[in-house]
>>> print(open('coords15.txt').read())   # compact mmCIF, C-alpha atoms and all ligand atoms
# COMPACT_ATOMS: atom_id res chain seq x y z
CA MET A 1 0.00 0.00 0.00
CA LYS A 2 2.86 2.33 0.97
CA ARG A 3 4.62 1.53 -2.28
CA PHE A 4 1.42 2.18 -4.20
CA ASN A 5 1.09 5.63 -2.59
CA TYR A 6 4.69 6.43 -3.48
CA ILE A 7 4.16 5.49 -7.13
CA ALA A 8 0.93 7.49 -7.23
CA VAL A 9 2.70 10.59 -5.86
CA VAL A 10 5.59 10.24 -8.34
CA MET A 11 3.11 9.89 -11.20
CA LEU A 12 1.16 12.93 -10.01
CA VAL A 13 4.35 15.03 -9.82
CA MET A 14 5.36 13.92 -13.31
CA PHE A 15 1.88 14.71 -14.63
CA VAL A 16 1.82 18.19 -13.05
CA SER A 17 5.32 19.05 -14.33
CA ALA A 18 4.32 17.89 -17.82
CA ILE A 19 1.38 20.34 -17.69
CA ASN A 20 3.65 23.15 -16.50
CA MET A 21 6.12 22.51 -19.29
CA ASN A 22 3.46 22.92 -21.95
CA ALA A 23 1.67 25.84 -20.34
CA GLN A 24 4.06 28.17 -22.13
CA ILE A 25 5.76 28.74 -25.44
CA THR A 26 8.30 26.00 -24.66
CA GLY A 27 7.14 22.84 -26.41
CA SER A 28 4.36 24.67 -28.31
CA GLY A 29 4.12 25.05 -32.09
CA HIS A 30 6.05 28.31 -31.67
CA ASP A 31 9.08 26.56 -30.17
CA PHE A 32 11.28 25.58 -33.12
CA THR A 33 14.18 24.29 -31.00
CA THR A 34 13.48 20.67 -31.94
CA LEU A 35 13.41 21.36 -35.69
CA SER A 36 16.55 19.87 -37.27
CA TRP A 37 17.58 23.10 -39.00
CA ASN A 38 17.28 25.30 -35.90
CA THR A 39 20.98 25.51 -35.22
CA ASN A 40 20.82 28.51 -32.86
CA GLY A 41 18.65 26.56 -30.41
CA GLN A 42 16.63 29.66 -29.46
CA ILE A 43 12.89 30.35 -29.31
CA CYS A 44 12.25 34.12 -29.29
CA VAL A 45 14.72 35.07 -32.04
CA PHE A 46 12.41 33.98 -34.88
CA CYS A 47 10.01 36.73 -33.86
CA HIS A 48 11.85 39.20 -31.60
CA THR A 49 15.26 40.82 -31.27
CA PRO A 50 16.56 43.18 -28.58
CA HIS A 51 18.41 45.24 -31.23
CA ASN A 52 18.00 46.26 -34.88
CA ALA A 53 14.31 45.41 -34.81
CA SER A 54 11.87 46.19 -37.63
CA ALA A 55 10.77 49.81 -37.89
CA THR A 56 7.35 48.73 -39.16
CA GLU A 57 6.24 45.70 -37.19
CA LYS A 58 6.14 45.55 -33.41
CA PRO A 59 7.05 44.56 -30.76
CA LEU A 60 10.83 44.44 -31.37
CA TRP A 61 9.98 42.40 -34.48
CA ASN A 62 12.65 40.23 -36.12
CA HIS A 63 10.85 38.00 -38.64
CA ASN A 64 11.02 39.02 -42.30
CA ALA A 65 7.80 40.56 -43.58
CA SER A 66 5.69 38.90 -46.25
CA ALA A 67 5.23 40.72 -49.57
CA ALA A 68 2.07 38.74 -50.35
CA THR A 69 -1.21 40.28 -51.49
CA TYR A 70 -4.13 38.81 -49.52
CA THR A 71 -7.70 38.16 -50.54
CA MET A 72 -9.74 39.33 -47.57
CA TYR A 73 -12.98 37.91 -46.16
CA THR A 74 -16.16 38.96 -47.95
CA ASN A 75 -19.73 37.79 -47.86
CA SER A 76 -21.75 38.36 -50.97
CA TRP A 77 -23.96 35.34 -50.28
CA SER A 78 -25.95 36.89 -47.46
CA SER A 79 -26.02 40.35 -45.94
CA THR A 80 -24.87 39.41 -42.45
CA LEU A 81 -21.46 41.09 -42.63
CA ASN A 82 -22.05 44.70 -41.65
CA GLY A 83 -18.53 45.80 -40.86
CA THR A 84 -15.85 46.69 -43.38
CA VAL A 85 -12.89 44.35 -43.64
CA ALA A 86 -9.75 46.35 -44.49
CA SER A 87 -8.35 45.75 -47.97
CA THR A 88 -5.17 44.32 -46.47
CA PRO A 89 -4.39 42.85 -43.02
CA SER A 90 -3.09 45.28 -40.42
CA ASN A 91 0.44 44.83 -39.08
CA TYR A 92 -1.05 43.16 -35.96
CA SER A 93 -2.01 40.22 -38.16
CA LYS A 94 0.70 40.58 -40.79
CA VAL A 95 3.24 39.50 -38.18
CA CYS A 96 1.39 36.17 -37.93
CA LEU A 97 0.93 35.84 -41.67
CA SER A 98 4.67 36.37 -42.19
CA CYS A 99 4.92 32.65 -41.32
CA HIS A 100 1.35 31.43 -41.71
CA ASP A 101 0.86 32.51 -45.35
CA ASN A 102 3.61 30.05 -46.33
CA THR A 103 5.47 32.55 -48.55
CA VAL A 104 8.31 33.37 -46.12
CA ALA A 105 10.64 30.79 -44.55
CA LEU A 106 10.32 30.25 -40.79
CA ASP A 107 14.07 30.88 -40.49
CA ALA A 108 13.87 34.18 -42.43
CA TYR A 109 14.70 36.52 -39.58
CA GLY A 110 17.14 39.28 -38.77
CA GLY A 111 17.38 40.10 -42.49
CA SER A 112 18.51 36.60 -43.49
CA ALA A 113 16.35 35.07 -46.25
CA GLY A 114 16.25 31.63 -44.63
CA SER A 115 15.82 28.47 -46.66
CA PRO A 116 12.91 28.29 -49.14
CA SER A 117 12.27 24.72 -47.96
CA HIS A 118 11.69 25.85 -44.38
CA THR A 119 8.24 27.39 -44.85
CA ILE A 120 5.37 26.39 -42.54
CA SER A 121 4.09 23.73 -44.98
CA SER A 122 7.39 21.85 -44.46
CA ILE A 123 6.20 20.91 -40.96
CA THR A 124 4.60 17.46 -41.08
CA GLY A 125 0.85 17.29 -40.71
CA THR A 126 0.43 21.07 -40.53
CA LYS A 127 -2.96 22.67 -41.00
CA SER A 128 -1.30 25.93 -40.09
CA ASN A 129 -0.60 26.98 -43.67
CA MET A 130 -3.33 29.59 -44.21
CA GLY A 131 -2.05 30.73 -47.60
CA THR A 132 -2.87 34.19 -48.88
CA ASP A 133 -6.58 33.53 -49.42
CA LEU A 134 -8.28 34.63 -46.22
CA THR A 135 -11.81 34.40 -47.64
CA ASN A 136 -12.37 31.16 -45.71
CA ASP A 137 -11.16 32.55 -42.37
CA HIS A 138 -13.00 34.54 -39.67
CA PRO A 139 -12.81 38.25 -40.67
CA ILE A 140 -9.71 40.03 -39.38
CA SER A 141 -8.72 43.67 -39.60
CA ILE A 142 -12.35 44.65 -39.06
CA ALA A 143 -13.29 47.36 -36.57
CA TYR A 144 -15.32 45.93 -33.70
CA SER A 145 -18.47 47.73 -32.65
CA ALA A 146 -21.65 46.52 -31.00
CA ALA A 147 -23.44 48.90 -33.37
CA LEU A 148 -22.49 46.67 -36.33
CA ASP A 149 -24.77 43.88 -35.36
CA ALA A 150 -27.41 43.35 -32.66
CA GLY A 151 -25.66 40.05 -31.91
CA LEU A 152 -22.32 41.64 -30.92
CA ARG A 153 -21.70 42.51 -27.27
CA ALA A 154 -20.51 45.93 -26.07
CA THR A 155 -16.72 46.37 -25.90
CA THR A 156 -17.10 47.09 -22.17
CA THR A 157 -18.43 43.55 -21.54
CA SER A 158 -16.20 41.90 -18.96
CA VAL A 159 -14.24 38.79 -19.91
CA PRO A 160 -13.34 37.20 -16.54
CA SER A 161 -11.47 34.27 -18.13
CA LEU A 162 -8.83 36.75 -19.36
CA GLY A 163 -8.33 38.18 -15.86
CA THR A 164 -9.87 40.67 -13.43
CA GLY A 165 -11.05 43.85 -15.10
CA LYS A 166 -10.54 42.54 -18.66
CA THR A 167 -13.14 43.39 -21.27
CA ILE A 168 -13.72 42.71 -24.95
CA ALA A 169 -11.78 45.93 -25.62
CA ASP A 170 -8.65 44.15 -24.34
CA MET A 171 -9.07 41.48 -27.01
CA LEU A 172 -9.03 44.05 -29.81
CA LYS A 173 -5.91 45.42 -31.46
CA GLY A 174 -6.32 49.06 -32.46
CA GLY A 175 -10.07 48.51 -31.94
CA GLN A 176 -10.11 45.70 -34.51
CA VAL A 177 -10.49 41.93 -34.51
CA GLU A 178 -7.07 40.50 -35.40
CA CYS A 179 -5.44 37.07 -35.06
CA ALA A 180 -4.33 37.96 -31.53
CA SER A 181 -7.94 38.67 -30.48
CA CYS A 182 -8.47 34.93 -30.37
CA HIS A 183 -4.89 33.59 -30.14
CA ASP A 184 -2.13 33.90 -27.56
CA VAL A 185 1.07 33.68 -29.58
CA HIS A 186 3.07 32.66 -26.47
CA ASN A 187 0.61 29.90 -25.49
CA SER A 188 0.74 31.21 -21.91
CA GLY A 189 -2.47 29.54 -20.79
CA ASN A 190 -2.08 26.34 -22.87
CA LYS A 191 -5.76 26.51 -23.81
CA GLY A 192 -5.31 24.45 -26.98
CA LYS A 193 -4.68 25.85 -30.49
CA MET A 194 -2.93 28.73 -28.69
CA LEU A 195 -6.32 30.27 -27.95
CA VAL A 196 -6.71 33.13 -25.47
CA MET A 197 -9.31 31.00 -23.68
CA ALA A 198 -10.55 27.44 -24.00
CA ASN A 199 -13.30 27.22 -26.58
CA THR A 200 -15.32 24.68 -24.59
CA SER A 201 -19.02 25.20 -25.34
CA SER A 202 -17.73 27.84 -27.80
CA ALA A 203 -16.86 30.18 -24.91
CA LEU A 204 -14.53 32.18 -27.14
CA CYS A 205 -17.16 32.78 -29.82
CA ILE A 206 -19.87 33.63 -27.29
CA THR A 207 -17.57 36.20 -25.67
CA CYS A 208 -18.17 38.55 -28.61
CA HIS A 209 -21.24 37.04 -30.22
CA ASN A 210 -24.43 37.11 -28.18
CA LYS A 211 -25.81 33.84 -29.51
C1 LIG B 1 6.03 33.08 -33.21
C2 LIG B 1 6.39 34.43 -32.90
C3 LIG B 1 6.76 34.78 -31.50
C4 LIG B 1 7.64 34.14 -30.66
C5 LIG B 1 8.44 32.88 -30.97
C6 LIG B 1 7.72 34.93 -29.47
N1 LIG B 1 6.88 36.00 -29.55
FE1 LIG B 1 6.67 37.48 -28.17
N2 LIG B 1 5.24 38.39 -29.33
C7 LIG B 1 4.86 37.95 -30.56
C8 LIG B 1 3.78 38.78 -31.04
C9 LIG B 1 3.05 38.64 -32.36
C10 LIG B 1 3.54 39.74 -30.03
C11 LIG B 1 2.42 40.78 -30.00
C12 LIG B 1 1.29 40.17 -29.25
C13 LIG B 1 -0.02 40.85 -29.39
O1 LIG B 1 -0.21 41.69 -30.25
O2 LIG B 1 -0.91 40.49 -28.60
C14 LIG B 1 4.50 39.48 -28.97
C15 LIG B 1 4.61 40.23 -27.80
C16 LIG B 1 5.61 40.05 -26.87
C17 LIG B 1 5.80 40.88 -25.71
C18 LIG B 1 4.98 42.12 -25.35
C19 LIG B 1 3.58 41.76 -24.93
C20 LIG B 1 3.53 40.69 -23.91
O3 LIG B 1 2.94 39.63 -24.21
O4 LIG B 1 4.13 40.83 -22.84
C21 LIG B 1 6.85 40.37 -25.02
C22 LIG B 1 7.46 40.90 -23.74
C23 LIG B 1 7.32 39.19 -25.74
N3 LIG B 1 6.53 39.02 -26.85
C24 LIG B 1 8.36 38.38 -25.35
C25 LIG B 1 8.70 37.17 -25.94
C26 LIG B 1 9.76 36.29 -25.46
C27 LIG B 1 10.63 36.55 -24.25
C28 LIG B 1 9.80 35.24 -26.32
C29 LIG B 1 10.67 33.98 -26.23
C30 LIG B 1 10.53 33.22 -25.00
C31 LIG B 1 8.77 35.46 -27.33
N4 LIG B 1 8.13 36.63 -27.05
C32 LIG B 1 8.53 34.62 -28.40
C33 LIG B 1 5.39 36.90 -31.27
C34 LIG B 1 6.29 35.96 -30.77
C1 LIG B 2 8.14 32.70 -37.02
C2 LIG B 2 7.00 32.03 -37.64
C3 LIG B 2 5.64 32.19 -37.01
C4 LIG B 2 5.00 33.35 -36.62
C5 LIG B 2 5.51 34.76 -36.75
C6 LIG B 2 3.73 32.95 -36.09
N1 LIG B 2 3.60 31.58 -36.15
FE1 LIG B 2 2.03 30.48 -35.48
N2 LIG B 2 3.01 28.76 -35.94
C7 LIG B 2 4.24 28.69 -36.56
C8 LIG B 2 4.62 27.29 -36.70
C9 LIG B 2 5.88 26.76 -37.36
C10 LIG B 2 3.59 26.54 -36.10
C11 LIG B 2 3.51 25.02 -35.93
C12 LIG B 2 2.81 24.44 -37.10
C13 LIG B 2 2.37 23.02 -36.86
O1 LIG B 2 3.03 22.29 -36.11
O2 LIG B 2 1.33 22.67 -37.39
C14 LIG B 2 2.59 27.50 -35.65
C15 LIG B 2 1.40 27.13 -35.03
C16 LIG B 2 0.39 28.03 -34.72
C17 LIG B 2 -0.92 27.65 -34.23
C18 LIG B 2 -1.42 26.23 -34.01
C19 LIG B 2 -1.19 25.83 -32.59
C20 LIG B 2 -1.68 24.44 -32.29
O3 LIG B 2 -1.57 24.07 -31.11
O4 LIG B 2 -2.13 23.71 -33.19
C21 LIG B 2 -1.62 28.80 -34.05
C22 LIG B 2 -3.02 28.93 -33.54
C23 LIG B 2 -0.75 29.90 -34.42
N3 LIG B 2 0.45 29.39 -34.82
C24 LIG B 2 -1.12 31.23 -34.40
C25 LIG B 2 -0.26 32.29 -34.64
C26 LIG B 2 -0.63 33.68 -34.45
C27 LIG B 2 -1.99 34.16 -34.04
C28 LIG B 2 0.48 34.42 -34.75
C29 LIG B 2 0.63 35.91 -34.65
C30 LIG B 2 0.15 36.55 -33.41
C31 LIG B 2 1.52 33.49 -35.16
N4 LIG B 2 1.02 32.22 -35.07
C32 LIG B 2 2.79 33.85 -35.59
C33 LIG B 2 4.99 29.74 -37.00
C34 LIG B 2 4.74 31.08 -36.72
C1 LIG B 3 -12.42 34.87 -34.12
C2 LIG B 3 -11.38 34.09 -33.56
C3 LIG B 3 -10.16 33.77 -34.40
C4 LIG B 3 -9.42 34.63 -35.17
C5 LIG B 3 -9.65 36.11 -35.44
C6 LIG B 3 -8.34 33.84 -35.71
N1 LIG B 3 -8.41 32.55 -35.26
FE1 LIG B 3 -7.13 31.04 -35.64
N2 LIG B 3 -8.33 29.73 -34.69
C7 LIG B 3 -9.44 30.07 -33.93
C8 LIG B 3 -9.99 28.88 -33.33
C9 LIG B 3 -11.21 28.81 -32.44
C10 LIG B 3 -9.17 27.81 -33.74
C11 LIG B 3 -9.31 26.34 -33.39
C12 LIG B 3 -10.15 25.67 -34.45
C13 LIG B 3 -10.26 24.18 -34.21
O1 LIG B 3 -9.86 23.68 -33.18
O2 LIG B 3 -10.77 23.52 -35.11
C14 LIG B 3 -8.12 28.38 -34.58
C15 LIG B 3 -7.12 27.65 -35.19
C16 LIG B 3 -5.99 28.22 -35.79
C17 LIG B 3 -4.84 27.49 -36.25
C18 LIG B 3 -4.65 25.99 -36.15
C19 LIG B 3 -5.22 25.32 -37.37
C20 LIG B 3 -5.37 23.85 -37.14
O3 LIG B 3 -6.37 23.32 -37.67
O4 LIG B 3 -4.57 23.23 -36.45
C21 LIG B 3 -3.96 28.41 -36.75
C22 LIG B 3 -2.59 28.14 -37.34
C23 LIG B 3 -4.58 29.71 -36.63
N3 LIG B 3 -5.82 29.55 -36.05
C24 LIG B 3 -3.98 30.89 -37.01
C25 LIG B 3 -4.64 32.11 -37.08
C26 LIG B 3 -4.10 33.30 -37.70
C27 LIG B 3 -2.71 33.42 -38.30
C28 LIG B 3 -5.06 34.25 -37.61
C29 LIG B 3 -5.04 35.63 -38.21
C30 LIG B 3 -4.78 35.70 -39.67
C31 LIG B 3 -6.19 33.67 -36.89
N4 LIG B 3 -5.90 32.37 -36.60
C32 LIG B 3 -7.36 34.36 -36.54
C33 LIG B 3 -9.96 31.34 -33.79
C34 LIG B 3 -9.52 32.47 -34.46
C1 LIG B 4 -13.10 39.43 -30.58
C2 LIG B 4 -14.50 39.31 -30.94
C3 LIG B 4 -14.92 38.12 -31.76
C4 LIG B 4 -14.73 36.80 -31.45
C5 LIG B 4 -13.98 36.22 -30.26
C6 LIG B 4 -15.39 36.05 -32.47
N1 LIG B 4 -15.95 36.89 -33.38
FE1 LIG B 4 -17.02 36.34 -35.00
N2 LIG B 4 -17.17 38.28 -35.60
C7 LIG B 4 -16.69 39.36 -34.88
C8 LIG B 4 -16.97 40.56 -35.63
C9 LIG B 4 -16.60 41.99 -35.24
C10 LIG B 4 -17.63 40.15 -36.81
C11 LIG B 4 -18.16 41.04 -37.92
C12 LIG B 4 -19.61 41.37 -37.67
C13 LIG B 4 -20.21 42.24 -38.75
O1 LIG B 4 -19.46 42.89 -39.48
O2 LIG B 4 -21.44 42.27 -38.87
C14 LIG B 4 -17.74 38.71 -36.74
C15 LIG B 4 -18.39 37.94 -37.68
C16 LIG B 4 -18.66 36.61 -37.56
C17 LIG B 4 -19.52 35.85 -38.43
C18 LIG B 4 -20.32 36.41 -39.60
C19 LIG B 4 -19.53 36.50 -40.87
C20 LIG B 4 -20.43 37.05 -41.99
O3 LIG B 4 -20.09 36.82 -43.15
O4 LIG B 4 -21.45 37.71 -41.73
C21 LIG B 4 -19.52 34.57 -37.98
C22 LIG B 4 -20.31 33.40 -38.57
C23 LIG B 4 -18.64 34.53 -36.83
N3 LIG B 4 -18.14 35.77 -36.61
C24 LIG B 4 -18.38 33.41 -36.10
C25 LIG B 4 -17.51 33.34 -35.03
C26 LIG B 4 -17.12 32.13 -34.37
C27 LIG B 4 -17.61 30.75 -34.74
C28 LIG B 4 -16.29 32.48 -33.37
C29 LIG B 4 -15.55 31.57 -32.42
C30 LIG B 4 -14.62 30.64 -33.05
C31 LIG B 4 -16.16 33.93 -33.39
N4 LIG B 4 -16.92 34.41 -34.43
C32 LIG B 4 -15.43 34.67 -32.51
C33 LIG B 4 -16.05 39.31 -33.67
C34 LIG B 4 -15.67 38.17 -33.00
>>> encode(input="coords15.txt", output="structure tokens")
Amino acid sequence: MKRFNYIAVVMLVMFVSAINMNAQITGSGHDFTTLSWNTNGQICVFCHTPHNASATEKPLWNHNASAATYTMYTNSWSSTLNGTVASTPSNYSKVCLSCHDNTVALDAYGGSAGSPSHTISSITGTKSNMGTDLTNDHPISIAYSAALDAGLRATTTSVPSLGTGKTIADMLKGGQVECASCHDVHNSGNKGKMLVMANTSSALCITCHNK
């Protein structure tokens, strides 16, 4: 019985530490340290640098920008889309698309072009290659306002799962819905798919949409 308790405690400790390890960027899809070509062994450098950062993208941005032209979300099939999607993604989302549109190598950072074979589609089993056609993705770079749609909540609506005092306004970037409205690029909460909150019972969707 004593031995059984000991094993149970060891297993519990191992289980808890495994959770802790993943509850961050380490070990997430944004940790490239295990990719064979990542010779520098670092994590942050693909996106950030303390010096000589991009003048355009923030914060302290180090990944090469994409020159792609995107096809933005439209809806000509029904008249439910009231807001105006910008003609091109804002820089808040362009930083994500600089890897996720598959036109720039993951190791294209700090001005180095990287290897053309190291784009996001080179990662086995990836669904993360969004391409440049964003017509099949939730609208981004669209100003959020409850006035757009009776089914959208006020920006002052509190979002307790993001922390005390947080509201929908905190999910917006420059007042707009962007990739980072729904995703946490550093996977800090380990909510699955790098979401800002678990989407159990569609909690993320219902945060903004009063459905
Ligand atoms: C895959 C790209 C990527 C990687 C890798 C990455 N970041 Fe970030 N980081 C971003 C983006 C994008 C933002 C802006 C987030 C936003 O707009 O919400 C950001 C914001 C930040 C910020 C400011 C806002 C905040 O969350 O505090 C800090 C500090 C930061 N990152 C530190 C780091 C450190 C340290 C590492 C390495 C352990 C790292 N990041 C790895 C993309 C990345
Ligand atoms: C430096 C390149 C790079 C940048 C910049 C980047 N990503 Fe990623 N992202 C990746 C790679 C590589 C993966 C892993 C792909 C895979 O394994 O399927 C990934 C995976 C993801 C995933 C899937 C996570 C999962 O658990 O399945 C999400 C969501 C994601 N990224 C969102 C973002 C968002 C949002 C931004 C901007 C705020 C961003 N990424 C910026 C390279 C990048
Ligand atoms: C309105 C919320 C929302 C926005 C905005 C959003 N995403 Fe997502 N994204 C999600 C959800 C929810 C999932 C998980 C879907 C699932 O599990 O099937 C997801 C999944 C992903 C995945 C993983 C795909 C897979 O099947 O493994 C990637 C990569 C990703 N998003 C990147 C992005 C990028 C880059 C942007 C901006 C161009 C973005 N997302 C904008 C909500 C959003
Ligand atoms: C940060 C707030 C926010 C979150 C979170 C969010 N949405 Fe949205 N969504 C919007 C806004 C803003 C619009 C544009 C409304 C408009 O223009 O009428 C929109 C539009 C839509 C539309 C209508 C598109 C059209 O063509 O009319 C659908 C469907 C939708 N979202 C589904 C989802 C789903 C599913 C989720 C969860 C995965 C989600 N949304 C999460 C803000 C959000």
>>> closest_residue(input="coords15.txt", among="A:Cys208, A:Met72, A:Leu106, A:Ala143", to="ligand LIG 1 (chain B)", atoms="all atoms listed in the file")
A:Leu106
>>> residues_around(input="coords15.txt", residues="Ile140 in chain A", least_positions_apart="6", cutoff="8 Å", atoms="only C-alpha atoms", output="short mmCIF file (atom, residue, chain, number, x, y, z; two decimals) with C-alpha atoms, in the coordinates of the input")
data_model
loop_
_atom_site.label_atom_id
_atom_site.label_comp_id
_atom_site.auth_asym_id
_atom_site.auth_seq_id
_atom_site.Cartn_x
_atom_site.Cartn_y
_atom_site.Cartn_z
CA TYR A 73 -12.98 37.91 -46.16
CA VAL A 85 -12.89 44.35 -43.64
CA PRO A 89 -4.39 42.85 -43.02
CA SER A 93 -2.01 40.22 -38.16
CA GLN A 176 -10.11 45.70 -34.51
CA VAL A 177 -10.49 41.93 -34.51
CA GLU A 178 -7.07 40.50 -35.40
CA CYS A 179 -5.44 37.07 -35.06
#
>>> closest_residue(input="coords15.txt", among="A:Thr84, A:Cys44, A:Val95, A:Gly27", to="Thr56 in chain A", atoms="all atoms listed in the file")
A:Val95
>>> atom_distance(input="coords15.txt", atom1="atom C16 of ligand LIG 2 (chain B)", atom2="CA of Thr88 in chain A")
20.8 Å
>>> residues_near_ligand(input="coords15.txt", ligand="ligand LIG 4 (chain B)", cutoff="6 Å", atoms="all atoms listed in the file", output="ChimeraX atom specification")
/A:75,80-83,144,148-149,171,177,181-182,204-205,207-208
>>> closest_residue(input="coords15.txt", among="A:Thr135, A:Ser122, A:Ser202, A:Asn91", to="Lys58 in chain A", atoms="all atoms listed in the file")
A:Asn91
>>> closest_atom_pairs(input="coords15.txt", of="chain A", to="ligand LIG 2 (chain B)", cutoff="7 Å", atoms="only C-alpha atoms and all ligand atoms", output="Markdown table")
| residue | atom | partner | partner_atom | distance |
| --- | --- | --- | --- | --- |
| A:Ser28 | CA | B:LIG2 | O3 | 6.6 |
| A:Gly29 | CA | B:LIG2 | C11 | 3.9 |
| A:His30 | CA | B:LIG2 | C7 | 5.2 |
| A:Phe32 | CA | B:LIG2 | C9 | 7.0 |
| A:Phe46 | CA | B:LIG2 | C1 | 4.9 |
| A:Cys47 | CA | B:LIG2 | C1 | 5.5 |
| A:His63 | CA | B:LIG2 | C1 | 6.2 |
| A:Ser93 | CA | B:LIG2 | C29 | 6.2 |
| A:Val95 | CA | B:LIG2 | C5 | 5.4 |
| A:Cys96 | CA | B:LIG2 | C29 | 3.4 |
| A:Leu97 | CA | B:LIG2 | C32 | 6.7 |
| A:Ser98 | CA | B:LIG2 | C5 | 5.7 |
| A:Cys99 | CA | B:LIG2 | C2 | 4.3 |
| A:His100 | CA | B:LIG2 | N1 | 6.0 |
| A:Leu106 | CA | B:LIG2 | C2 | 4.9 |
| A:Ile120 | CA | B:LIG2 | C9 | 5.2 |
| A:Ile123 | CA | B:LIG2 | O1 | 6.0 |
| A:Gly125 | CA | B:LIG2 | O2 | 6.3 |
| A:Thr126 | CA | B:LIG2 | O2 | 3.6 |
| A:Lys127 | CA | B:LIG2 | O2 | 5.6 |
| A:Ser128 | CA | B:LIG2 | O2 | 5.0 |
| A:Cys179 | CA | B:LIG2 | C27 | 4.6 |
| A:Ala180 | CA | B:LIG2 | C30 | 5.1 |
| A:His183 | CA | B:LIG2 | C27 | 4.9 |
| A:Asp184 | CA | B:LIG2 | C27 | 6.5 |
| A:Val185 | CA | B:LIG2 | C30 | 4.9 |
| A:Gly192 | CA | B:LIG2 | O3 | 5.6 |
| A:Lys193 | CA | B:LIG2 | O3 | 3.6 |
| A:Met194 | CA | B:LIG2 | C22 | 4.9 |
| A:Leu195 | CA | B:LIG2 | C22 | 6.6 |
>>> closest_residue(input="coords15.txt", among="A:Asn129, A:Thr74, A:Gln42, A:Asn210", to="ligand LIG 3 (chain B)", atoms="all atoms listed in the file")
A:Asn129
>>> residues_near_point(input="coords15.txt", point="(-23.8, 28.4, -28.0)", cutoff="7 Å", atoms="only C-alpha atoms", output="list in words")
Ser201, Ser202, Ile206 and Lys211 of chain A
